[in-house]
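Engineer: My structure is stored as work_6.txt, with compact mmCIF, C-alpha atoms.
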```txt
# COMPACT_ATOMS: atom_id res chain seq x y z
CA MET G 88 127.86 103.28 165.36
CA ALA G 89 127.67 99.81 163.87
CA PRO G 90 130.13 99.24 161.03
CA ARG G 91 128.72 99.38 157.49
CA ASP G 92 129.70 98.35 153.97
CA ARG G 93 131.44 95.16 155.06
CA LEU G 94 130.70 93.24 151.88
CA SER G 95 132.26 93.61 148.45
CA ALA G 96 131.13 92.55 144.99
CA ALA G 97 134.04 90.09 144.77
CA PHE G 98 133.17 88.51 148.11
CA ILE G 99 129.48 88.12 147.21
CA LYS G 100 130.29 86.21 144.01
CA SER G 101 132.40 83.64 145.86
CA ALA G 102 130.54 83.66 149.20
CA LYS G 103 129.52 80.34 150.72
CA SER G 104 125.92 79.56 151.58
CA GLY G 105 124.70 81.29 154.73
CA LYS G 106 123.88 84.80 155.94
CA HIS G 107 126.43 87.56 155.46
CA CYS G 108 126.08 90.98 157.15
CA ASP G 109 126.91 94.20 155.32
CA GLY G 110 126.24 96.20 158.47
CA ALA G 111 123.46 98.36 159.96
CA GLY G 112 120.93 95.57 159.51
CA LEU G 113 121.57 94.79 155.82
CA TRP G 114 122.10 91.09 155.15
CA LEU G 115 122.65 88.81 152.18
CA HIS G 116 121.30 85.27 152.47
CA LYS G 117 123.28 83.01 150.12
CA ARG G 118 121.43 79.77 149.45
CA ALA G 119 122.94 76.38 148.79
CA ASP G 120 121.55 76.39 145.24
CA GLY G 121 123.62 79.48 144.42
CA GLY G 122 120.76 82.00 144.66
CA ALA G 123 120.90 84.93 147.05
CA GLN G 124 118.44 87.33 148.70
CA TRP G 125 118.90 90.72 150.32
CA PHE G 126 116.99 91.58 153.49
CA LEU G 127 117.00 94.28 156.15
CA ARG G 128 116.66 93.57 159.87
CA PHE G 129 115.26 96.30 162.11
CA ASP G 130 113.47 96.71 165.42
CA ARG G 131 110.08 98.40 165.60
CA PHE G 132 108.21 98.84 168.88
CA GLY G 133 110.60 96.32 170.48
CA LYS G 134 109.86 93.68 167.86
CA ARG G 135 112.45 92.20 165.44
CA CYS G 136 111.33 92.60 161.81
CA GLU G 137 112.75 91.62 158.44
CA MET G 138 112.11 93.25 155.07
CA GLY G 139 113.09 91.65 151.75
CA LEU G 140 114.97 93.92 149.34
CA GLY G 141 115.19 91.66 146.29
CA GLY G 142 117.41 88.94 144.90
CA PHE G 143 121.05 89.12 143.87
CA PRO G 144 122.32 89.74 141.16
CA ARG G 145 119.10 91.45 139.94
CA VAL G 146 119.53 93.81 142.91
CA SER G 147 123.18 94.83 143.13
CA LEU G 148 125.09 95.56 146.31
CA LYS G 149 124.83 99.30 145.64
CA GLN G 150 121.06 99.10 145.04
CA ALA G 151 120.57 97.02 148.19
CA ARG G 152 122.42 99.61 150.26
CA GLU G 153 120.30 102.42 148.76
CA SER G 154 117.06 100.56 149.53
CA ALA G 155 118.26 99.84 153.06
CA GLU G 156 119.12 103.50 153.60
CA LEU G 157 115.66 104.57 152.41
CA ALA G 158 114.02 102.13 154.82
CA ARG G 159 116.19 103.40 157.72
CA SER G 160 115.19 107.01 156.98
CA GLN G 161 111.52 105.99 156.96
CA LEU G 162 111.96 104.28 160.32
CA ALA G 163 113.61 107.42 161.69
CA ALA G 164 110.53 109.38 160.56
CA GLY G 165 108.20 106.94 162.31
CA ILE G 166 107.09 105.20 159.10
CA ASP G 167 106.88 101.43 158.82
CA PRO G 168 108.87 100.71 155.59
CA VAL G 169 107.03 97.43 154.97
CA LYS G 170 103.59 99.05 155.15
CA GLU G 171 104.80 102.02 153.10
CA ARG G 172 106.00 99.71 150.34
CA ARG G 173 102.63 97.92 150.30
CA ARG G 174 100.85 101.29 150.07
CA LEU G 175 102.97 102.36 147.10
CA LYS G 176 102.31 99.05 145.35
CA ARG G 177 98.56 99.50 145.84
CA GLU G 178 98.74 103.01 144.39
CA ALA G 179 100.79 101.79 141.43
CA LEU G 180 98.27 99.02 140.77
CA GLN G 181 95.41 101.49 141.09
CA SER G 182 97.17 103.81 138.65
CA ALA G 183 97.64 100.94 136.18
CA ASN G 184 93.89 100.29 136.31
CA SER G 185 92.90 103.95 136.18
CA PHE G 186 90.60 105.09 133.40
CA ALA G 187 93.33 107.38 132.04
CA HIS G 188 95.91 104.58 131.83
CA LEU G 189 93.49 102.19 130.12
CA ALA G 190 92.22 104.93 127.77
CA HIS G 191 95.75 105.47 126.45
CA GLU G 192 96.28 101.71 126.23
CA ALA G 193 93.04 101.23 124.28
CA PHE G 194 94.00 104.07 121.94
CA GLU G 195 97.42 102.52 121.27
CA ALA G 196 95.72 99.20 120.47
CA ARG G 197 93.41 100.85 117.90
CA LYS G 198 95.91 103.23 116.25
CA SER G 199 96.56 101.03 113.24
CA GLU G 200 92.83 101.05 112.40
CA LEU G 201 92.57 104.83 112.47
CA LYS G 202 93.36 107.40 109.80
CA GLY G 203 96.82 108.87 110.41
CA ASP G 204 97.16 106.74 113.57
CA GLY G 205 94.18 108.60 115.02
CA LYS G 206 95.80 112.02 114.84
CA ASN G 207 94.02 113.28 111.73
CA GLY G 208 90.60 112.51 113.15
CA ARG G 209 91.63 113.44 116.69
CA TRP G 210 90.18 110.17 118.01
CA PHE G 211 91.46 110.75 121.54
CA THR G 212 90.34 114.39 121.82
CA PRO G 213 86.81 113.80 123.23
CA LEU G 214 88.30 111.71 126.03
CA ALA G 215 91.19 114.08 126.71
CA LEU G 216 88.98 117.17 126.88
CA HIS G 217 85.78 115.92 128.48
CA VAL G 218 86.35 112.65 130.36
CA LEU G 219 89.93 112.34 131.62
CA PRO G 220 89.99 115.66 133.55
CA LYS G 221 87.15 114.39 135.77
CA LEU G 222 87.44 110.60 135.67
CA GLY G 223 91.02 109.91 134.59
CA SER G 224 92.27 108.94 138.07
CA VAL G 225 89.26 106.74 138.90
CA PRO G 226 89.96 102.97 138.80
CA VAL G 227 88.05 101.68 135.78
CA GLU G 228 86.43 98.95 137.89
CA GLU G 229 84.84 101.59 140.11
CA LEU G 230 83.28 103.69 137.35
CA THR G 231 79.49 103.91 137.57
CA PRO G 232 76.81 105.17 135.16
CA ARG G 233 76.22 108.06 137.54
CA ASP G 234 79.90 109.09 137.33
CA LEU G 235 79.75 109.11 133.54
CA ARG G 236 76.39 110.88 133.48
CA ASP G 237 77.71 113.70 135.68
CA CYS G 238 80.78 113.97 133.45
CA ILE G 239 79.07 114.01 130.04
CA GLY G 240 75.75 115.55 131.11
CA PRO G 241 76.80 119.20 130.54
CA LEU G 242 77.54 118.36 126.87
CA TRP G 243 74.53 116.16 126.19
CA HIS G 244 72.07 118.88 125.20
CA GLU G 245 74.52 121.52 123.96
CA LYS G 246 77.15 119.54 122.03
CA ALA G 247 75.44 116.24 121.36
CA ASP G 248 77.89 115.02 118.74
CA THR G 249 80.88 115.66 121.02
CA ALA G 250 79.07 113.96 123.91
CA ARG G 251 78.23 110.97 121.72
CA LYS G 252 81.86 110.61 120.67
CA ALA G 253 83.06 110.85 124.27
CA LEU G 254 80.55 108.17 125.29
CA ASN G 255 81.51 105.89 122.39
CA ARG G 256 85.23 106.23 123.15
CA THR G 257 84.52 105.49 126.82
CA ASN G 258 82.67 102.34 125.80
CA ILE G 259 85.72 101.21 123.79
CA VAL G 260 87.96 101.75 126.83
CA ILE G 261 85.59 99.74 129.04
CA ARG G 262 85.50 96.89 126.54
CA HIS G 263 89.31 96.97 126.37
CA ALA G 264 89.46 96.70 130.17
CA ALA G 265 87.01 93.79 130.07
CA ALA G 266 89.23 92.01 127.54
CA LEU G 267 92.09 92.36 130.03
CA GLY G 268 89.99 90.48 132.57
CA LEU G 269 89.13 93.48 134.76
CA ASP G 270 85.79 93.46 136.57
CA VAL G 271 84.15 96.39 134.77
CA ASP G 272 80.53 97.27 133.98
CA ILE G 273 80.35 96.31 130.31
CA GLY G 274 76.99 98.06 129.98
CA LEU G 275 78.28 101.35 131.39
CA ALA G 276 77.70 103.42 128.23
CA GLU G 277 74.16 102.13 127.60
CA LYS G 278 73.15 102.71 131.23
CA THR G 279 74.58 106.22 131.03
CA LYS G 280 72.44 106.95 127.95
CA LEU G 281 69.35 105.91 129.89
CA LEU G 282 70.28 108.30 132.70
CA LEU G 283 70.97 111.14 130.26
CA GLY G 284 67.69 110.75 128.39
CA LYS G 285 66.96 112.03 124.90
CA THR G 286 69.09 114.94 123.79
CA ARG G 287 67.43 118.27 122.99
CA HIS G 288 70.20 119.14 120.55
CA VAL G 289 69.01 119.84 117.01
CA VAL G 290 71.40 118.62 114.34
CA LYS G 291 72.56 121.42 112.04
CA HIS G 292 73.53 120.33 108.55
CA ILE G 293 76.52 121.91 106.86
CA PRO G 294 75.19 124.68 104.60
CA SER G 295 75.32 123.85 100.90
CA MET G 296 74.97 125.83 97.69
CA ARG G 297 72.00 125.33 95.36
CA TRP G 298 73.11 123.38 92.31
CA ARG G 299 71.80 126.08 89.97
CA GLU G 300 74.16 128.56 91.65
CA ALA G 301 77.20 126.26 91.49
CA PRO G 302 78.36 127.12 87.90
CA ALA G 303 78.71 130.84 88.61
CA PHE G 304 80.71 130.16 91.76
CA TYR G 305 82.90 127.55 90.04
CA GLN G 306 83.76 129.87 87.16
CA SER G 307 84.65 132.68 89.59
CA LEU G 308 87.43 130.66 91.26
CA ASP G 309 90.99 131.88 90.62
CA LYS G 310 93.20 129.33 88.84
CA ARG G 311 96.32 130.85 90.40
CA SER G 312 95.25 130.08 93.99
CA LEU G 313 95.87 126.57 95.36
CA PRO G 314 92.94 126.68 97.83
CA GLN G 315 90.62 127.79 95.00
CA LEU G 316 92.00 125.13 92.66
CA ALA G 317 91.35 122.61 95.44
CA LEU G 318 87.79 123.92 95.66
CA ARG G 319 87.41 123.35 91.92
CA LEU G 320 88.58 119.73 92.22
CA LEU G 321 86.35 119.19 95.25
CA MET G 322 83.32 120.44 93.30
CA LEU G 323 84.22 118.38 90.22
CA THR G 324 84.66 115.11 92.12
CA GLY G 325 82.20 115.34 95.03
CA LEU G 326 84.91 114.17 97.41
CA ARG G 327 85.50 115.25 100.99
CA SER G 328 88.22 117.74 101.82
CA HIS G 329 90.78 115.27 103.18
CA PRO G 330 91.49 113.24 100.00
CA ILE G 331 91.48 116.47 97.95
CA ARG G 332 94.01 118.24 100.17
CA HIS G 333 96.22 115.14 100.43
CA ALA G 334 96.00 114.27 96.71
CA HIS G 335 99.30 112.83 95.44
CA LEU G 336 100.49 112.60 91.84
CA ASP G 337 101.34 108.90 92.30
CA GLU G 338 97.62 108.18 92.85
CA ILE G 339 96.63 109.39 89.38
CA ASP G 340 96.95 107.14 86.35
CA GLY G 341 95.47 108.55 83.16
CA ASP G 342 91.92 109.69 83.94
CA ILE G 343 91.60 107.47 87.03
CA TRP G 344 92.44 108.70 90.52
CA THR G 345 92.90 105.75 92.90
CA ILE G 346 92.63 107.01 96.47
CA PRO G 347 93.96 104.76 99.27
CA GLY G 348 91.20 103.56 101.59
CA GLU G 349 92.80 105.19 104.65
CA LYS G 350 92.17 108.62 103.09
CA MET G 351 88.46 107.90 102.64
CA LYS G 352 86.17 108.44 105.60
CA GLY G 353 84.12 105.34 106.40
CA LEU G 354 86.02 103.11 103.95
CA LYS G 355 89.17 102.30 105.95
CA GLY G 356 89.36 98.57 106.50
CA LYS G 357 86.42 98.00 104.13
CA THR G 358 88.12 98.65 100.81
CA PRO G 359 91.80 99.02 99.87
CA SER G 360 91.08 101.99 97.59
CA PHE G 361 88.44 104.13 95.92
CA ARG G 362 88.57 104.91 92.19
CA VAL G 363 87.49 108.32 90.93
CA PRO G 364 86.94 108.97 87.19
CA LEU G 365 88.43 112.33 86.26
CA SER G 366 86.80 114.54 83.65
CA SER G 367 88.99 116.53 81.27
CA GLU G 368 88.17 119.60 83.38
CA ALA G 369 89.38 117.84 86.56
CA LEU G 370 92.58 116.76 84.81
CA GLN G 371 93.19 120.35 83.72
CA VAL G 372 92.78 121.56 87.32
CA ILE G 373 95.26 118.93 88.51
CA GLU G 374 97.73 119.91 85.79
CA ILE G 375 97.59 123.59 86.77
CA ALA G 376 97.88 122.85 90.50
CA SER G 377 100.75 120.39 89.91
CA GLN G 378 102.95 123.28 88.80
CA GLN G 379 103.17 124.13 92.52
CA GLN G 380 103.43 120.53 93.79
CA ARG G 381 105.89 119.61 96.51
CA ASP G 382 107.00 116.05 97.28
CA GLY G 383 104.28 114.85 94.92
CA TYR G 384 101.46 116.56 96.85
CA ILE G 385 99.30 118.54 94.45
CA PHE G 386 98.11 121.07 97.06
CA PRO G 387 101.12 121.71 99.36
CA GLY G 388 100.96 124.11 102.28
CA VAL G 389 102.93 127.33 102.34
CA LYS G 390 105.77 125.96 104.48
CA ARG G 391 105.09 122.24 104.96
CA GLY G 392 102.42 119.58 104.65
CA VAL G 393 99.33 120.35 102.60
CA ILE G 394 96.83 123.20 102.55
CA SER G 395 94.52 123.34 105.54
CA ASP G 396 90.83 122.52 105.52
CA ALA G 397 90.14 126.06 106.69
CA SER G 398 91.86 127.63 103.68
CA MET G 399 88.99 126.64 101.37
CA ALA G 400 86.30 127.53 103.89
CA ARG G 401 87.85 130.96 104.49
CA HIS G 402 87.58 131.83 100.81
CA MET G 403 83.86 131.11 100.84
CA GLN G 404 83.45 132.99 104.10
CA ARG G 405 85.23 136.05 102.71
CA ARG G 406 82.83 135.97 99.79
CA GLY G 407 79.96 136.29 102.27
CA LEU G 408 78.64 132.82 101.44
CA GLU G 409 76.81 130.71 103.98
CA ALA G 410 77.73 127.48 102.13
CA ARG G 411 80.90 125.60 103.05
CA PRO G 412 83.16 123.26 101.01
CA HIS G 413 81.71 120.05 102.45
CA GLY G 414 78.26 121.23 101.35
CA PHE G 415 79.20 120.72 97.68
CA ARG G 416 78.71 116.99 98.23
CA SER G 417 75.07 117.78 98.93
CA THR G 418 75.01 120.14 95.92
CA LEU G 419 76.21 117.37 93.62
CA ARG G 420 73.92 114.76 95.20
CA THR G 421 70.89 117.02 94.74
CA TRP G 422 71.82 117.70 91.10
CA LEU G 423 72.09 113.95 90.52
CA THR G 424 68.58 113.45 91.93
CA GLU G 425 66.76 116.44 90.48
CA SER G 426 68.30 116.25 87.03
CA GLN G 427 67.75 112.45 87.01
CA GLN G 428 71.27 111.85 85.85
CA ALA G 429 71.90 108.75 87.95
CA SER G 430 70.25 105.92 89.83
CA ARG G 431 70.40 106.08 93.61
CA GLU G 432 73.08 103.37 93.71
CA VAL G 433 75.38 105.18 91.25
CA ALA G 434 74.75 108.53 92.95
CA GLU G 435 75.76 107.11 96.33
CA ILE G 436 78.93 105.59 94.90
CA ILE G 437 79.83 108.94 93.31
CA ILE G 438 79.92 110.61 96.73
CA ALA G 439 81.63 107.53 98.27
CA HIS G 440 78.67 106.34 100.32
CA GLN G 441 78.24 102.61 100.85
CA THR G 442 74.88 101.12 99.94
CA GLY G 443 73.20 97.81 100.65
CA SER G 444 73.99 95.24 103.31
CA VAL G 445 77.36 93.62 103.92
CA VAL G 446 76.13 90.52 102.08
CA GLU G 447 74.95 92.56 99.06
CA ARG G 448 78.29 94.37 98.85
CA SER G 449 80.21 91.10 99.07
CA TYR G 450 78.50 89.87 95.88
CA ASN G 451 78.20 93.18 94.01
CA ARG G 452 81.81 94.33 93.70
CA THR G 453 81.56 96.72 90.74
CA ASP G 454 82.25 100.40 91.31
CA MET G 455 80.34 101.37 88.14
CA ILE G 456 83.29 103.37 86.91
CA GLU G 457 82.01 103.77 83.33
CA GLN G 458 78.59 105.10 84.36
CA ARG G 459 80.26 107.44 86.83
CA ARG G 460 82.76 108.69 84.20
CA GLU G 461 79.92 109.73 81.88
CA ILE G 462 77.95 111.41 84.66
CA MET G 463 80.94 113.30 86.08
CA THR G 464 81.79 114.53 82.59
CA GLN G 465 78.26 115.93 82.32
CA TRP G 466 78.64 117.53 85.77
CA ALA G 467 81.91 119.21 84.69
CA ARG G 468 80.19 120.53 81.53
CA TYR G 469 77.34 121.84 83.64
CA LEU G 470 79.73 123.72 85.97
CA ASN G 471 81.38 125.32 82.94
CA HIS G 472 78.24 126.13 80.96
```
Please go through the file and, once you have read it, give me the structure as structure tokens.
Structural biologist:
Amino acid sequence: MAPRDRLSAAFIKSAKSGKHCDGAGLWLHKRADGGAQWFLRFDRFGKRCEMGLGGFPRVSLKQARESAELARSQLAAGIDPVKERRRLKREALQSANSFAHLAHEAFEARKSELKGDGKNGRWFTPLALHVLPKLGSVPVEELTPRDLRDCIGPLWHEKADTARKALNRTNIVIRHAAALGLDVDIGLAEKTKLLLGKTRHVVKHIPSMRWREAPAFYQSLDKRSLPQLALRLLMLTGLRSHPIRHAHLDEIDGDIWTIPGEKMKGLKGKTPSFRVPLSSEALQVIEIASQQQRDGYIFPGVKRGVISDASMARHMQRRGLEARPHGFRSTLRTWLTESQQASREVAEIIIAHQTGSVVERSYNRTDMIEQRREIMTQWARYLNH
């Protein structure tokens, strides 16, 4: 057996230029400029071959010996170590360009734009559940409209909103890949829509309560229950569940509640905050709920965090009601229209909807807080009448 492990770390550092053998085919080529390169000599089918193992000192003596031993074992198994290394590199490159890899990369790039870094809104969920299991390993450059159609097709007519989200997220991933310089089909999502055709899904609106029935329900809510107090505040303000459940005492100054833009659906990145005028009734609800506050959160959960969205919905469900908490936004909006209490513009601001074009909003920067304060006071009186 040929001698091995002839070289030492001390020798390598002071070695003169030339080729120095460690044994069993492992060599170090020391160049005149001070650089050095490891390589392995071996015979395959009667032909002398050489395989580079990396430069010294980036690749240490120990690492070079380990790489050489791996190559020798491959040769013993009838595998060409040079070709095997090329194959592994191709697979690694293919994995780096896979749809799954680029989907995670695109998500990381967008996190800062999303509420709660994308976790609250579960931005990645449509991809994780409906696209990655079938297309995750496919190189993004090889994706075709037919692939995406076959993947999303089963959802298109049954769960149209989920399918639309999955398609939109896929489009973002494709555009991210294009920005990296990859040769992708930038029109993949639009072509897929053409193949899918028009959805047969009928949109179902969240059930709401008639505004004439709202006072009786409001007055029946228990002031000792946090979920029911949260329902009261939701009804009084016309806000969505998220800012209600995550309401913090630091956000309230007098009778103005200033909600950070990241807590407001559709407003993140468009406005730093949203001001809500609080009626005396709303302030009373906040005062009662604050007796149970934790870490400044007005509606804390039983053990940690805040109350869940389902906790309010469950109360209405137990009461045998078809309406759900989010439907009270529609209740309030209908009252505003039918009782002629507000102009369309003010009514839309009350429920935190944006109106007008981008240009119009850039010039008209008022949030009509005084008009809204008067109207929301009337709404609170109506709920208590």
Engineer: Suppose you want the space between atom CA of Gly121 of chain G and atom CA of Pro168 of chain G; what is it in Å?
Structural biologist: 28.2 Å
Engineer: Can you list, as a list in words, every protein, DNA or RNA residue that comes within 7 Å of segment 460-469 of chain G when you count only C-alpha atoms, leaving out same-chain residues fewer than 6 positions away?
Structural biologist: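 Non-adjacent residues within range: Pro302, Leu323, Pro364, Ser366, Glu368 and Gln428 of chain G.
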Engineer: Quick one, how far is atom CA of Ala123 of chain G from atom CA of Asp109 of chain G?
Structural biologist: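 Interatomic distance, atom CA of Ala123 of chain G to atom CA of Asp109 of chain G: 13.8 Å.
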Engineer: Using all atoms listed in the file, which of G:Ala397, G:Leu318, G:Ala96, G:Val146 sits nearest Ile331 of chain G?
Structural biologist: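 Selected residue with least distance to Ile331 of chain G: G:Leu318.
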Engineer: Show me, as a PyMOL selection string, the residues that have an atom within 8 Å of Ile385 of chain G when counting only C-alpha atoms, minus same-chain residues fewer than 2 positions from it.
Structural biologist: chain G and resi 332-336+373+376-377+379-381+383+387
Engineer: If you count only C-alpha atoms, which residues fall within 8 Å of segment 433-436 of chain G, apart from same-chain ones fewer than 2 positions away, as a list in words?
Structural biologist: Arg420, Leu423, Thr424, Ala429, Ser430, Arg431, Ile438, Ala439, His440, Gln441, Thr442, Asp454, Met455, Gln458 and Arg459 of chain G
Engineer: Given all atoms listed in the file as the basis, pick out the residue of G:Lys170, G:Arg311, G:Arg91, G:Lys352 nearest to Ala155 of chain G.
Structural biologist: G:Arg91
Engineer: Would you list the contacts of Thr212 of chain G as an MDAnalysis selection string, taking every protein, DNA or RNA residue within 12 Å and counting all atoms listed in the file, but skipping same-chain residues closer than 5 positions in sequence?
Structural biologist: chainID G and resid 190:191 194 205:207 217:220 249:250 252:253 256:257
Engineer: Output requested as a PDB file, in the coordinates of the input - segment 332-346 of chain G, filled out with N, CA and C atoms.
Structural biologist:
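Writing the result to out.pdb gives the following:
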```
ATOM      1  N   ARG G 332      92.837 117.534  99.662  1.00  0.00           N
ATOM      2  CA  ARG G 332      94.010 118.240 100.170  1.00  0.00           C
ATOM      3  C   ARG G 332      95.259 117.366 100.169  1.00  0.00           C
ATOM      4  N   HIS G 333      95.080 116.060 100.373  1.00  0.00           N
ATOM      5  CA  HIS G 333      96.220 115.140 100.430  1.00  0.00           C
ATOM      6  C   HIS G 333      96.436 114.401  99.104  1.00  0.00           C
ATOM      7  N   ALA G 334      95.841 114.912  98.024  1.00  0.00           N
ATOM      8  CA  ALA G 334      96.000 114.270  96.710  1.00  0.00           C
ATOM      9  C   ALA G 334      97.479 114.214  96.320  1.00  0.00           C
ATOM     10  N   HIS G 335      97.894 113.037  95.823  1.00  0.00           N
ATOM     11  CA  HIS G 335      99.300 112.830  95.440  1.00  0.00           C
ATOM     12  C   HIS G 335      99.358 112.398  93.980  1.00  0.00           C
ATOM     13  N   LEU G 336     100.369 112.894  93.277  1.00  0.00           N
ATOM     14  CA  LEU G 336     100.490 112.600  91.840  1.00  0.00           C
ATOM     15  C   LEU G 336     100.594 111.107  91.566  1.00  0.00           C
ATOM     16  N   ASP G 337     101.184 110.345  92.492  1.00  0.00           N
ATOM     17  CA  ASP G 337     101.340 108.900  92.300  1.00  0.00           C
ATOM     18  C   ASP G 337      99.992 108.173  92.275  1.00  0.00           C
ATOM     19  N   GLU G 338      98.943 108.823  92.782  1.00  0.00           N
ATOM     20  CA  GLU G 338      97.620 108.180  92.850  1.00  0.00           C
ATOM     21  C   GLU G 338      96.853 108.288  91.526  1.00  0.00           C
ATOM     22  N   ILE G 339      97.358 109.112  90.623  1.00  0.00           N
ATOM     23  CA  ILE G 339      96.630 109.390  89.380  1.00  0.00           C
ATOM     24  C   ILE G 339      97.290 108.661  88.213  1.00  0.00           C
ATOM     25  N   ASP G 340      96.482 107.883  87.512  1.00  0.00           N
ATOM     26  CA  ASP G 340      96.950 107.140  86.350  1.00  0.00           C
ATOM     27  C   ASP G 340      95.968 107.390  85.211  1.00  0.00           C
ATOM     28  N   GLY G 341      96.391 108.195  84.234  1.00  0.00           N
ATOM     29  CA  GLY G 341      95.470 108.550  83.160  1.00  0.00           C
ATOM     30  C   GLY G 341      94.330 109.395  83.698  1.00  0.00           C
ATOM     31  N   ASP G 342      93.079 108.940  83.429  1.00  0.00           N
ATOM     32  CA  ASP G 342      91.920 109.690  83.940  1.00  0.00           C
ATOM     33  C   ASP G 342      91.292 108.993  85.138  1.00  0.00           C
ATOM     34  N   ILE G 343      92.084 108.147  85.826  1.00  0.00           N
ATOM     35  CA  ILE G 343      91.600 107.470  87.030  1.00  0.00           C
ATOM     36  C   ILE G 343      92.452 107.881  88.222  1.00  0.00           C
ATOM     37  N   TRP G 344      91.784 108.346  89.267  1.00  0.00           N
ATOM     38  CA  TRP G 344      92.440 108.700  90.520  1.00  0.00           C
ATOM     39  C   TRP G 344      92.106 107.598  91.520  1.00  0.00           C
ATOM     40  N   THR G 345      93.110 106.836  91.941  1.00  0.00           N
ATOM     41  CA  THR G 345      92.900 105.750  92.900  1.00  0.00           C
ATOM     42  C   THR G 345      93.342 106.220  94.273  1.00  0.00           C
ATOM     43  N   ILE G 346      92.360 106.454  95.139  1.00  0.00           N
ATOM     44  CA  ILE G 346      92.630 107.010  96.470  1.00  0.00           C
ATOM     45  C   ILE G 346      92.734 105.871  97.481  1.00  0.00           C
TER      46      ILE G 346
END
```
